[in-house]
$ cat query.txt   # compact mmCIF, C-alpha atoms and all ligand atoms
# COMPACT_ATOMS: atom_id res chain seq x y z
CA MET A 323 6.76 20.89 -7.08
CA LYS A 324 7.31 18.51 -9.99
CA LYS A 325 11.03 19.09 -9.68
CA ILE A 326 10.99 18.00 -6.05
CA ILE A 327 9.10 14.83 -6.88
CA CYS A 328 11.52 14.03 -9.67
CA ILE A 329 14.57 14.47 -7.46
CA LEU A 330 12.97 12.36 -4.76
CA PHE A 331 12.24 9.43 -6.98
CA PHE A 332 15.31 9.53 -9.16
CA ILE A 333 17.90 9.49 -6.36
CA PRO A 334 17.82 5.72 -5.89
CA GLN A 335 17.78 5.26 -9.65
CA MET A 336 20.88 7.39 -10.02
CA LEU A 337 22.64 5.49 -7.26
CA ALA A 338 22.10 2.18 -8.90
CA ALA A 339 22.13 3.33 -12.51
CA GLN A 340 24.50 0.69 -13.78
CA ASN A 341 22.16 -2.16 -12.88
CA VAL A 342 18.97 -0.68 -14.21
CA ASN A 343 17.41 -1.97 -17.40
CA TYR A 344 14.63 -0.17 -19.25
CA ASP A 345 14.69 -2.29 -22.38
CA GLU A 346 12.00 -4.94 -22.62
CA ALA A 347 14.11 -6.85 -25.19
CA ARG A 348 16.99 -7.27 -22.73
CA ILE A 349 14.94 -9.00 -20.02
CA PRO A 350 16.27 -12.56 -19.70
CA ALA A 351 13.65 -15.29 -20.10
CA TYR A 352 12.03 -16.32 -16.84
CA THR A 353 9.41 -18.83 -15.79
CA LEU A 354 6.75 -17.90 -13.30
CA PRO A 355 5.79 -20.52 -10.71
CA ASP A 356 2.46 -22.07 -11.72
CA ILE A 357 -0.20 -20.24 -9.75
CA LEU A 358 -2.50 -23.27 -9.76
CA THR A 359 0.03 -25.59 -8.17
CA GLY A 360 -0.33 -25.66 -4.39
CA ILE A 361 2.46 -25.56 -1.83
CA ASP A 362 1.94 -29.33 -1.53
CA ASN A 363 2.62 -29.59 -5.30
CA LYS A 364 -0.95 -30.68 -6.01
CA LYS A 365 -2.94 -29.12 -8.82
CA ILE A 366 -5.56 -26.58 -7.69
CA THR A 367 -8.83 -26.82 -9.60
CA SER A 368 -11.38 -25.24 -7.25
CA ALA A 369 -11.83 -22.18 -5.07
CA ALA A 370 -11.98 -24.50 -2.04
CA GLN A 371 -8.56 -25.92 -2.87
CA TRP A 372 -7.16 -22.42 -3.34
CA GLU A 373 -8.57 -21.46 0.08
CA ALA A 374 -6.98 -24.53 1.64
CA ASN A 375 -3.65 -23.53 0.12
CA ARG A 376 -3.99 -19.93 1.30
CA PRO A 377 -2.42 -20.02 4.79
CA ALA A 378 0.70 -21.84 3.59
CA LEU A 379 1.16 -19.38 0.73
CA VAL A 380 0.76 -16.37 3.03
CA ARG A 381 3.31 -17.97 5.31
CA LEU A 382 5.74 -18.43 2.41
CA PHE A 383 5.52 -14.73 1.49
CA ALA A 384 6.01 -13.81 5.14
CA GLU A 385 9.03 -16.05 5.63
CA ASN A 386 10.74 -14.95 2.46
CA VAL A 387 9.78 -11.32 1.85
CA TYR A 388 7.67 -9.32 4.29
CA GLY A 389 8.56 -11.06 7.55
CA ILE A 390 6.28 -12.94 9.90
CA THR A 391 3.77 -10.72 11.67
CA PRO A 392 3.88 -11.66 15.36
CA GLU A 393 0.78 -12.24 17.44
CA ILE A 394 0.40 -8.94 19.26
CA LYS A 395 -1.97 -8.95 22.17
CA SER A 396 -2.04 -5.46 23.57
CA ARG A 397 -5.18 -3.82 24.90
CA VAL A 398 -6.22 -1.08 22.50
CA LYS A 399 -7.83 2.24 23.36
CA TYR A 400 -9.80 4.42 20.96
CA LYS A 401 -10.01 8.04 21.92
CA ILE A 402 -12.15 10.28 19.75
CA ILE A 403 -10.06 13.42 19.92
CA GLU A 404 -12.62 15.47 18.04
CA THR A 405 -15.67 15.25 15.81
CA ASN A 406 -17.04 17.89 13.50
CA ASN A 407 -20.38 17.45 11.78
CA ASN A 408 -19.79 20.25 9.36
CA ALA A 409 -16.43 19.53 7.83
CA LEU A 410 -15.42 20.08 4.19
CA GLY A 411 -17.91 22.87 3.63
CA GLY A 412 -20.68 21.10 5.55
CA LYS A 413 -20.59 17.98 3.37
CA ALA A 414 -18.77 15.65 5.73
CA ILE A 415 -18.37 14.45 9.27
CA ARG A 416 -14.76 14.60 10.39
CA LYS A 417 -13.40 12.45 13.20
CA GLN A 418 -9.88 12.27 14.57
CA VAL A 419 -9.30 9.13 16.55
CA LEU A 420 -6.23 8.26 18.55
CA ILE A 421 -5.54 4.53 18.68
CA THR A 422 -3.15 3.63 21.48
CA PHE A 423 -1.74 0.33 22.72
CA GLU A 424 -1.57 -0.14 26.45
CA ASP A 425 1.49 -2.37 26.34
CA PHE A 426 3.45 0.03 24.15
CA PRO A 427 3.31 3.42 25.87
CA GLN A 428 6.48 4.39 23.96
CA LEU A 429 4.36 4.74 20.82
CA ASN A 430 2.33 7.91 20.40
CA GLY A 431 -0.34 5.78 18.76
CA ILE A 432 -2.08 5.93 15.42
CA ASN A 433 -3.83 9.19 14.59
CA LEU A 434 -6.70 8.29 12.33
CA LEU A 435 -8.36 10.97 10.24
CA LEU A 436 -11.80 10.03 9.04
CA TYR A 437 -14.12 11.93 6.68
CA ILE A 438 -17.62 10.54 6.17
CA PRO A 439 -20.07 11.93 3.60
CA LYS A 440 -23.31 13.15 5.16
CA HIS A 441 -25.53 12.25 2.23
CA ILE A 442 -24.95 8.48 2.40
CA ARG A 443 -25.72 6.14 5.26
CA LYS A 444 -22.84 3.81 6.18
CA PRO A 445 -20.71 4.36 3.07
CA SER A 446 -17.85 2.20 1.84
CA VAL A 447 -14.52 3.53 2.98
CA PHE A 448 -11.10 4.03 1.39
CA ILE A 449 -8.41 3.26 3.90
CA GLY A 450 -4.72 3.98 3.52
CA LEU A 451 -1.54 5.42 4.92
CA ASN A 452 -0.05 8.78 4.03
CA PHE A 453 3.55 9.96 3.65
CA GLU A 454 3.65 13.28 5.49
CA GLY A 455 0.93 13.34 8.11
CA ASN A 456 -2.84 13.84 7.97
CA HIS A 457 -2.46 17.60 8.09
CA SER A 458 -0.40 17.62 4.89
CA LEU A 459 -3.30 16.27 2.82
CA GLY A 460 -5.63 19.24 2.74
CA ASN A 461 -6.28 22.70 4.05
CA ASP A 462 -8.69 21.69 6.80
CA PRO A 463 -7.33 23.88 9.65
CA ASP A 464 -8.43 21.52 12.43
CA VAL A 465 -6.53 18.46 11.35
CA LEU A 466 -3.81 17.74 13.89
CA ILE A 467 -0.20 18.20 12.85
CA THR A 468 1.81 15.03 13.31
CA GLN A 469 4.58 15.18 15.90
CA ASN A 470 6.30 12.04 14.71
CA TRP A 471 9.61 11.73 12.90
CA MET A 472 9.37 11.91 9.13
CA VAL A 473 11.55 11.43 6.09
CA ASP A 474 12.60 14.77 4.67
CA PHE A 475 10.86 14.07 1.38
CA GLN A 476 10.56 17.66 0.33
CA LYS A 477 13.99 19.09 1.11
CA ASN A 478 12.12 22.23 2.07
CA PRO A 479 12.83 23.28 5.69
CA GLU A 480 9.66 25.35 5.68
CA HIS A 481 7.65 22.11 5.56
CA ILE A 482 9.83 19.52 7.20
CA PHE A 483 12.44 20.81 9.63
CA LYS A 484 14.84 18.41 11.32
CA ASN A 485 12.56 15.53 10.32
CA ARG A 486 9.46 17.07 11.94
CA ALA A 487 6.48 18.59 10.19
CA THR A 488 6.09 22.35 10.58
CA LEU A 489 2.84 24.33 10.88
CA ALA A 490 3.44 25.58 7.37
CA SER A 491 3.24 22.05 5.95
CA ARG A 492 -0.56 21.92 6.25
CA GLY A 493 -1.94 21.01 2.84
CA LYS A 494 1.53 20.78 1.37
CA ALA A 495 1.93 17.05 0.73
CA VAL A 496 3.94 16.51 -2.41
CA VAL A 497 4.12 12.77 -2.38
CA GLU A 498 0.49 11.84 -2.48
CA THR A 499 -2.97 13.23 -2.94
CA TRP A 500 -6.08 12.25 -1.06
CA PRO A 501 -8.79 14.41 -2.65
CA ALA A 502 -11.16 14.38 0.32
CA GLU A 503 -13.83 16.58 -1.30
CA THR A 504 -14.03 14.40 -4.42
CA ILE A 505 -14.13 11.16 -2.43
CA ILE A 506 -16.91 12.54 -0.23
CA SER A 507 -18.91 13.93 -3.16
CA LYS A 508 -18.94 10.46 -4.75
CA GLY A 509 -20.39 9.01 -1.56
CA PHE A 510 -17.33 7.33 -0.04
CA ALA A 511 -15.66 7.79 3.32
CA MET A 512 -11.89 7.97 3.75
CA ALA A 513 -9.72 6.91 6.66
CA THR A 514 -6.03 7.69 6.70
CA ALA A 515 -3.07 7.86 9.06
CA TYR A 516 0.60 8.75 8.84
CA TYR A 517 2.74 5.66 8.26
CA GLY A 518 5.46 6.92 10.63
CA ASP A 519 2.97 6.55 13.52
CA ILE A 520 4.00 2.92 13.78
CA GLU A 521 7.57 2.96 12.50
CA PRO A 522 9.81 5.80 11.31
CA ASP A 523 10.94 5.03 7.76
CA HIS A 524 14.70 4.65 8.04
CA ALA A 525 17.08 1.77 8.62
CA GLU A 526 17.19 2.26 12.41
CA GLY A 527 13.54 3.33 12.64
CA TRP A 528 12.40 -0.04 13.98
CA LYS A 529 14.02 0.75 17.34
CA ALA A 530 11.63 3.65 17.96
CA GLY A 531 8.64 1.88 16.45
CA LEU A 532 6.41 -1.06 17.22
CA ARG A 533 9.08 -3.59 16.28
CA GLY A 534 11.38 -2.07 18.89
CA CYS A 535 8.64 -2.32 21.52
CA LEU A 536 8.47 -6.04 20.88
CA ASN A 537 12.22 -6.42 21.28
CA LYS A 538 12.51 -8.25 18.03
CA THR A 539 15.68 -7.77 16.11
CA GLU A 540 15.37 -6.03 12.80
CA GLU A 541 16.81 -8.85 10.78
CA THR A 542 14.60 -11.70 11.86
CA GLU A 543 10.89 -12.13 12.01
CA TRP A 544 9.41 -9.11 10.39
CA SER A 545 9.97 -5.86 8.55
CA ALA A 546 8.87 -2.25 8.29
CA MET A 547 6.43 -3.29 5.54
CA GLY A 548 5.00 -5.83 7.97
CA ALA A 549 4.61 -3.16 10.66
CA TRP A 550 2.85 -0.74 8.28
CA ALA A 551 0.54 -3.50 7.06
CA TRP A 552 -0.25 -4.24 10.71
CA GLN A 553 -1.09 -0.55 11.18
CA LEU A 554 -3.64 -0.75 8.36
CA SER A 555 -5.35 -3.71 10.03
CA ARG A 556 -5.52 -1.81 13.33
CA MET A 557 -7.15 1.11 11.51
CA LEU A 558 -9.70 -1.34 10.14
CA ASP A 559 -10.29 -2.69 13.68
CA TYR A 560 -11.34 0.79 14.69
CA LEU A 561 -13.61 1.19 11.65
CA GLU A 562 -15.37 -2.02 12.68
CA THR A 563 -16.44 -0.22 15.84
CA ASP A 564 -17.66 2.90 14.04
CA ASN A 565 -21.29 2.67 13.00
CA ASP A 566 -21.02 5.57 10.59
CA VAL A 567 -19.06 3.60 7.97
CA ASN A 568 -19.41 0.21 6.32
CA SER A 569 -16.23 -1.56 7.39
CA LYS A 570 -17.24 -4.59 5.33
CA LYS A 571 -16.60 -2.44 2.29
CA ALA A 572 -13.13 -1.16 3.15
CA ILE A 573 -10.91 -0.56 0.14
CA VAL A 574 -7.27 -0.54 1.12
CA ILE A 575 -5.24 1.75 -1.12
CA GLY A 576 -1.64 2.89 -1.27
CA HIS A 577 0.82 4.71 -3.46
CA SER A 578 4.35 3.48 -4.03
CA ARG A 579 5.93 2.17 -0.78
CA LEU A 580 2.55 2.57 0.88
CA GLY A 581 1.06 0.50 -1.94
CA LYS A 582 3.48 -2.29 -1.05
CA ALA A 583 2.31 -2.10 2.58
CA ALA A 584 -1.34 -2.04 1.52
CA PHE A 585 -0.81 -5.09 -0.71
CA TRP A 586 0.69 -7.09 2.13
CA ALA A 587 -2.11 -5.94 4.46
CA ALA A 588 -4.78 -7.04 1.97
CA ALA A 589 -3.10 -10.39 1.34
CA GLN A 590 -3.00 -11.22 5.05
CA ASP A 591 -6.21 -9.63 6.24
CA GLN A 592 -9.25 -10.80 4.31
CA ARG A 593 -11.49 -8.26 5.97
CA PHE A 594 -10.32 -5.73 3.36
CA ALA A 595 -12.93 -5.93 0.61
CA ALA A 596 -10.70 -4.58 -2.13
CA PHE A 597 -7.15 -3.49 -2.84
CA ILE A 598 -5.82 -0.68 -5.02
CA SER A 599 -2.16 -0.49 -5.95
CA ASN A 600 -0.99 2.89 -7.18
CA GLU A 601 2.46 2.37 -8.72
CA SER A 602 3.65 0.09 -5.94
CA GLY A 603 6.40 -1.39 -8.14
CA GLU A 604 9.15 -3.61 -6.79
CA GLY A 605 8.05 -5.39 -3.61
CA GLY A 606 4.49 -4.44 -4.60
CA ALA A 607 2.59 -5.15 -7.80
CA ALA A 608 5.59 -5.77 -10.10
CA LEU A 609 6.88 -9.25 -10.91
CA LYS A 610 10.17 -9.83 -9.15
CA ARG A 611 11.71 -11.99 -11.85
CA ARG A 612 11.76 -9.27 -14.50
CA TRP A 613 14.99 -7.32 -14.83
CA TYR A 614 13.38 -3.97 -15.45
CA GLY A 615 13.45 -0.75 -13.41
CA GLU A 616 14.00 -1.23 -9.69
CA THR A 617 15.17 -4.71 -8.79
CA HIS A 618 15.35 -6.85 -5.71
CA GLU A 619 19.03 -5.98 -5.22
CA ILE A 620 18.48 -2.23 -5.55
CA ILE A 621 15.51 -2.01 -3.22
CA ASN A 622 17.20 -4.04 -0.51
CA LYS A 623 20.33 -1.93 -0.75
CA ASN A 624 18.50 1.41 -0.54
CA PHE A 625 15.78 0.39 1.91
CA PRO A 626 17.23 -2.47 3.99
CA HIS A 627 14.49 -2.20 6.62
CA TRP A 628 11.52 -2.61 4.28
CA PHE A 629 11.73 -6.38 3.91
CA SER A 630 12.87 -9.35 5.95
CA GLY A 631 16.47 -10.49 6.33
CA LYS A 632 15.68 -13.65 4.42
CA TYR A 633 14.61 -11.68 1.37
CA LYS A 634 18.11 -10.26 1.01
CA THR A 635 19.55 -13.74 0.63
CA TYR A 636 17.96 -13.96 -2.85
CA ALA A 637 20.38 -11.37 -4.23
CA GLY A 638 21.51 -12.61 -7.63
CA SER A 639 19.19 -15.61 -7.48
CA ILE A 640 15.66 -14.22 -7.55
CA ASP A 641 14.59 -17.18 -9.71
CA ALA A 642 15.08 -19.37 -6.65
CA LEU A 643 12.22 -17.60 -4.88
CA PRO A 644 9.42 -20.18 -4.78
CA PHE A 645 6.74 -17.66 -5.86
CA ASP A 646 6.24 -14.31 -7.53
CA GLN A 647 3.86 -11.40 -7.07
CA HIS A 648 1.10 -12.87 -9.28
CA GLN A 649 0.52 -15.29 -6.39
CA LEU A 650 0.17 -12.39 -3.96
CA PHE A 651 -2.59 -11.09 -6.24
CA GLY A 652 -4.09 -14.58 -6.11
CA LEU A 653 -4.32 -14.14 -2.34
CA ILE A 654 -6.55 -11.11 -2.86
CA ALA A 655 -9.11 -13.17 -4.86
CA PRO A 656 -12.06 -13.17 -4.97
CA ARG A 657 -11.94 -9.61 -3.70
CA ALA A 658 -11.73 -6.68 -6.10
CA VAL A 659 -8.34 -5.36 -7.26
CA TYR A 660 -7.20 -2.31 -9.20
CA VAL A 661 -3.61 -1.86 -10.33
CA SER A 662 -2.34 1.33 -11.90
CA SER A 663 0.99 2.23 -13.44
CA ALA A 664 2.34 5.41 -15.00
CA GLU A 665 4.28 5.96 -18.18
CA GLY A 666 6.70 8.31 -16.45
CA ASP A 667 7.35 5.74 -13.73
CA GLN A 668 9.36 3.03 -15.50
CA TRP A 669 11.20 2.55 -12.21
CA ALA A 670 8.11 0.66 -10.95
CA ASP A 671 8.07 -1.61 -14.07
CA PRO A 672 4.55 -0.86 -15.35
CA ASN A 673 4.44 -3.90 -17.62
CA GLY A 674 5.66 -6.08 -14.75
CA GLU A 675 2.73 -4.76 -12.69
CA PHE A 676 0.32 -5.56 -15.49
CA LEU A 677 1.77 -9.04 -15.96
CA ALA A 678 1.56 -9.88 -12.26
CA LEU A 679 -2.15 -9.12 -12.22
CA LYS A 680 -2.69 -10.81 -15.58
CA ASN A 681 -1.04 -14.00 -14.33
CA ALA A 682 -3.33 -14.05 -11.30
CA GLU A 683 -6.44 -14.36 -13.49
CA PRO A 684 -6.70 -18.17 -13.13
CA VAL A 685 -7.31 -17.76 -9.39
CA PHE A 686 -10.01 -15.13 -9.92
CA ALA A 687 -11.57 -17.46 -12.51
CA LEU A 688 -11.89 -20.18 -9.84
CA TYR A 689 -14.36 -17.83 -8.13
CA GLY A 690 -16.14 -16.94 -11.37
CA LYS A 691 -14.54 -13.49 -11.53
CA ASN A 692 -13.72 -11.87 -14.85
CA GLY A 693 -10.18 -11.21 -15.97
CA LEU A 694 -8.70 -8.08 -17.54
CA GLY A 695 -10.12 -8.79 -21.01
CA VAL A 696 -6.80 -8.07 -22.74
CA ASP A 697 -3.62 -10.10 -23.20
CA ALA A 698 -1.08 -7.30 -23.34
CA GLN A 699 -0.55 -4.09 -21.41
CA PRO A 700 -3.07 -1.53 -22.70
CA LYS A 701 -2.12 1.82 -24.19
CA VAL A 702 -1.92 4.85 -21.91
CA ASP A 703 -5.09 6.25 -20.36
CA ASN A 704 -7.13 3.25 -21.39
CA PRO A 705 -8.41 1.41 -18.29
CA VAL A 706 -9.24 -2.28 -18.77
CA GLY A 707 -11.05 -5.01 -16.84
CA SER A 708 -14.13 -5.33 -14.70
CA ASP A 709 -13.77 -7.37 -11.49
CA ILE A 710 -10.02 -6.83 -11.66
CA ARG A 711 -8.80 -3.66 -13.38
CA TYR A 712 -5.66 -2.02 -14.67
CA HIS A 713 -4.61 1.27 -16.20
CA TYR A 714 -1.41 2.75 -17.53
CA ARG A 715 -1.62 6.48 -17.04
CA SER A 716 0.33 9.12 -18.90
CA GLY A 717 2.42 11.28 -16.59
CA LYS A 718 4.71 10.82 -13.65
CA HIS A 719 4.99 8.75 -10.48
CA HIS A 720 2.15 10.19 -8.43
CA MET A 721 -1.47 9.67 -7.44
CA THR A 722 -3.51 11.96 -9.62
CA ALA A 723 -7.09 13.10 -10.18
CA TYR A 724 -7.20 10.74 -13.16
CA ASP A 725 -6.24 7.80 -10.92
CA TRP A 726 -8.91 8.71 -8.38
CA GLU A 727 -11.55 9.07 -11.07
CA GLN A 728 -10.94 5.43 -12.03
CA TYR A 729 -10.80 4.22 -8.43
CA LEU A 730 -14.07 5.88 -7.52
CA LYS A 731 -15.73 4.35 -10.56
CA PHE A 732 -14.32 0.95 -9.66
CA ALA A 733 -15.49 1.33 -6.06
CA ALA A 734 -19.01 2.24 -7.20
CA GLU A 735 -19.26 -0.44 -9.89
CA VAL A 736 -17.53 -3.35 -8.18
CA VAL A 737 -17.09 -2.89 -4.44
CA ASN A 738 -20.45 -1.28 -3.68
CA LYS A 739 -22.33 -3.86 -5.73
CA ARG A 740 -20.90 -6.88 -3.95
CA LYS A 741 -22.76 -8.48 -1.07
C1 LIG B 1 11.61 4.83 -4.14
C2 LIG B 1 11.68 3.32 -4.11
C3 LIG B 1 10.36 2.69 -4.55
C4 LIG B 1 9.20 3.27 -3.78
C5 LIG B 1 9.24 4.79 -3.87
C6 LIG B 1 8.16 5.45 -3.01
O1 LIG B 1 11.54 5.28 -5.46
O2 LIG B 1 12.75 2.92 -4.91
O3 LIG B 1 10.39 1.29 -4.37
O4 LIG B 1 8.00 2.74 -4.24
O5 LIG B 1 10.48 5.28 -3.42
O6 LIG B 1 7.70 4.92 -2.04
O7 LIG B 1 7.78 6.56 -3.31

$ encode --input "query.txt" --output "structure tokens"
Amino acid sequence: MKKIICILFFIPQMLAAQNVNYDEARIPAYTLPDILTGIDNKKITSAAQWEANRPALVRLFAENVYGITPEIKSRVKYKIIETNNNALGGKAIRKQVLITFEDFPQLNGINLLLYIPKHIRKPSVFIGLNFEGNHSLGNDPDVLITQNWMVDFQKNPEHIFKNRATLASRGKAVVETWPAETIISKGFAMATAYYGDIEPDHAEGWKAGLRGCLNKTEETEWSAMGAWAWQLSRMLDYLETDNDVNSKKAIVIGHSRLGKAAFWAAAQDQRFAAFISNESGEGGAALKRRWYGETHEIINKNFPHWFSGKYKTYAGSIDALPFDQHQLFGLIAPRAVYVSSAEGDQWADPNGEFLALKNAEPVFALYGKNGLGVDAQPKVDNPVGSDIRYHYRSGKHHMTAYDWEQYLKFAAEVVNKRK
């Protein structure tokens, strides 16, 4: 299994090997845009001024990186496909909800899988996308198998055949782990859906996805990341209608590319109470200006559909971008944030992820929130921070039990305690 993951994540690195730097000493000097200078060039000294600056900054990220999310006014239908009050060994309620959009009958809709612990009334909820379908996450035999197109992540025809999930792929996700039993036992709900429900993840995927329904061209207004972020907000819309969970305490979480989507969702949609980035790297938590691991040029070459057309125009001149990812973290404030990196995932630029969060501290301070409490990236397996947190895990690019242990602690200590 480890071998598969390695191959998967090293392919792009091999392709672009000549441009990849893993030496901190070779990173050319760069200057980050001042986070406390507004779009209007005025100094920001209060939370109110930061709030006033917010829409213009979101807009700037949209125009230059993630694409502008269009106003989509389709009637939405929620169909509870099934409910089981004795799921996960009797400890949870399971619901499978189909979210469809009347104006886009071409889309199969979003299949939401929800587990709710029975021992807590209206728990906080982790919400996120998954790579290989809800059924791939665990051995629950009643979870529906996704019919939608998927990337052949595993190169194992027994699990993904001709870009469709097989029956044998139940519980066989290799890209990500959602430990439902652990989440439930700690008193949290989880809500997840397959990211390909809204757009298949390949360069032409937009045609069969939501973006294609809107007749927008791929290159202009928005991007696959924008569409997946939109999907997360629609999942939250449903949770707002479900009295069994506390949608005001929704923690949006994502690993790798899905961490990038979750970040953009949290930045735009302030209903998310907290954001967790698991190794989201370039286009996610990592500073763009650092020449380390995956770069702007590499990601746009390998995944041209992930970001807007405009973003590609910064090839070779990333310093000209009027912002960097620390400001995207600023847009999460005063909400809670957790960022995690892994030692075996230098591709995602762990120190660049730390530095982005670190450089967002002044915005959190405007709201009276504590910073990370350290000036440099901590040693491995040594979580730091309180309101905003960071860890650098030993091991590979993945979402592990160790990661979840920290996230569940963070959710209990920070998210649950907030009003
Ligand atoms: C590739 C890509 C990363 C991405 C990762 C993933 O490695 O280069 O940017 O985060 O895939 O989504 O797993």

$ closest_residue --input "query.txt" --among "A:Ser578, A:Gln647, A:Thr635, A:Gln668" --to "ligand LIG 1 (chain B)" --atoms "only C-alpha atoms and all ligand atoms"
A:Ser578

$ closest_atom_pairs --input "query.txt" --of "chain A" --to "ligand LIG 1 (chain B)" --cutoff "9 Å" --atoms "only C-alpha atoms and all ligand atoms" --output "Markdown table"
| residue | atom | partner | partner_atom | distance |
| --- | --- | --- | --- | --- |
| A:Leu330 | CA | B:LIG1 | O1 | 7.3 |
| A:Phe331 | CA | B:LIG1 | O1 | 4.5 |
| A:Phe332 | CA | B:LIG1 | O1 | 6.8 |
| A:Ile333 | CA | B:LIG1 | O1 | 7.7 |
| A:Pro334 | CA | B:LIG1 | O2 | 5.9 |
| A:Gln335 | CA | B:LIG1 | O2 | 7.3 |
| A:Phe453 | CA | B:LIG1 | O6 | 8.7 |
| A:Val497 | CA | B:LIG1 | O7 | 7.3 |
| A:His577 | CA | B:LIG1 | O6 | 7.0 |
| A:Ser578 | CA | B:LIG1 | O4 | 3.7 |
| A:Arg579 | CA | B:LIG1 | O6 | 3.5 |
| A:Leu580 | CA | B:LIG1 | O6 | 6.4 |
| A:Gly581 | CA | B:LIG1 | O4 | 7.6 |
| A:Lys582 | CA | B:LIG1 | O4 | 7.5 |
| A:Glu601 | CA | B:LIG1 | O4 | 7.1 |
| A:Ser602 | CA | B:LIG1 | O4 | 5.4 |
| A:Gly603 | CA | B:LIG1 | O4 | 5.9 |
| A:Glu604 | CA | B:LIG1 | O3 | 5.6 |
| A:Gly605 | CA | B:LIG1 | O3 | 7.1 |
| A:Gly606 | CA | B:LIG1 | O4 | 8.0 |
| A:Glu616 | CA | B:LIG1 | O2 | 6.5 |
| A:Thr617 | CA | B:LIG1 | O3 | 8.9 |
| A:Ile620 | CA | B:LIG1 | O2 | 7.7 |
| A:Ile621 | CA | B:LIG1 | O2 | 5.9 |
| A:Asn624 | CA | B:LIG1 | O2 | 7.4 |
| A:Phe625 | CA | B:LIG1 | C2 | 7.9 |
| A:Trp669 | CA | B:LIG1 | O1 | 7.3 |
| A:Ala670 | CA | B:LIG1 | O3 | 7.0 |
| A:His719 | CA | B:LIG1 | O7 | 8.0 |
| A:His720 | CA | B:LIG1 | O7 | 8.4 |

$ residues_near_point --input "query.txt" --point "(-11.7, 8.0, -12.8)" --cutoff "12 Å" --atoms "only C-alpha atoms" --output "ChimeraX atom specification"
/A:504-505,508,660,662,703-705,712-713,715,721-735

$ closest_residue --input "query.txt" --among "A:Ile710, A:Val465, A:Ala608, A:Ala664" --to "Pro684 of chain A" --atoms "only C-alpha atoms"
A:Ile710

$ closest_atom_pairs --input "query.txt" --of "segment 652-719 of chain A" --to "segment 336-360 of chain A" --cutoff "10 Å" --atoms "only C-alpha atoms" --output "tab-separated table"
residue	atom	partner	partner_atom	distance
A:Gly652	CA	A:Ile357	CA	7.8
A:Gln668	CA	A:Tyr344	CA	7.2
A:Trp669	CA	A:Tyr344	CA	8.3
A:Asp671	CA	A:Tyr344	CA	8.5
A:Asn673	CA	A:Glu346	CA	9.1
A:Ala678	CA	A:Leu354	CA	9.6
A:Asn681	CA	A:Ile357	CA	7.8
A:Ala682	CA	A:Ile357	CA	7.1
A:Glu683	CA	A:Ile357	CA	9.4
A:Pro684	CA	A:Leu358	CA	7.4
A:Val685	CA	A:Leu358	CA	7.3
A:Leu688	CA	A:Leu358	CA	9.9

$ closest_residue --input "query.txt" --among "A:Ile467, A:Leu554, A:Ala490, A:Ala502" --to "Ala409 of chain A" --atoms "all atoms listed in the file"
A:Ala502

$ closest_residue --input "query.txt" --among "A:Pro439, A:Pro501, A:Gly693, A:Gly548" --to "Lys417 of chain A" --atoms "all atoms listed in the file"
A:Pro439

$ residues_around --input "query.txt" --residues "Arg711 of chain A" --least-positions-apart "6" --cutoff "7 Å" --atoms "only C-alpha atoms" --output "list of chain:residue names"
A:Val659, A:Tyr660, A:Val661, A:Leu694

$ atom_distance --input "query.txt" --atom1 "atom CA of Ala687 of chain A" --atom2 "atom CA of Ala596 of chain A"
16.6 Å

$ closest_residue --input "query.txt" --among "A:Trp372, A:Tyr388, A:Phe676, A:Phe426" --to "Ala551 of chain A" --atoms "only C-alpha atoms"
A:Tyr388

$ decode --input "query.txt" --residues "segment 420-425 of chain A" --atoms "N, CA, C and O atoms" --output "PDB file, in the first residue's frame"
ATOM      1  N   LEU A 420     -28.864  12.508  -0.757  1.00  0.00           N
ATOM      2  CA  LEU A 420     -28.542  12.899  -2.126  1.00  0.00           C
ATOM      3  C   LEU A 420     -28.963  14.352  -2.333  1.00  0.00           C
ATOM      4  O   LEU A 420     -30.132  14.698  -2.151  1.00  0.00           O
ATOM      5  N   ILE A 421     -27.983  15.176  -2.680  1.00  0.00           N
ATOM      6  CA  ILE A 421     -28.263  16.598  -2.918  1.00  0.00           C
ATOM      7  C   ILE A 421     -28.265  16.815  -4.424  1.00  0.00           C
ATOM      8  O   ILE A 421     -27.251  16.613  -5.088  1.00  0.00           O
ATOM      9  N   THR A 422     -29.427  17.168  -4.972  1.00  0.00           N
ATOM     10  CA  THR A 422     -29.467  17.392  -6.425  1.00  0.00           C
ATOM     11  C   THR A 422     -29.886  18.823  -6.738  1.00  0.00           C
ATOM     12  O   THR A 422     -30.489  19.515  -5.906  1.00  0.00           O
ATOM     13  N   PHE A 423     -29.553  19.243  -7.950  1.00  0.00           N
ATOM     14  CA  PHE A 423     -29.793  20.629  -8.383  1.00  0.00           C
ATOM     15  C   PHE A 423     -30.727  20.580  -9.582  1.00  0.00           C
ATOM     16  O   PHE A 423     -30.370  20.031 -10.629  1.00  0.00           O
ATOM     17  N   GLU A 424     -31.895  21.162  -9.397  1.00  0.00           N
ATOM     18  CA  GLU A 424     -32.926  21.058 -10.421  1.00  0.00           C
ATOM     19  C   GLU A 424     -32.468  21.551 -11.790  1.00  0.00           C
ATOM     20  O   GLU A 424     -32.801  20.970 -12.806  1.00  0.00           O
ATOM     21  N   ASP A 425     -31.685  22.608 -11.806  1.00  0.00           N
ATOM     22  CA  ASP A 425     -31.264  23.171 -13.094  1.00  0.00           C
ATOM     23  C   ASP A 425     -30.120  22.396 -13.746  1.00  0.00           C
ATOM     24  O   ASP A 425     -29.746  22.693 -14.877  1.00  0.00           O
TER      25      ASP A 425
END
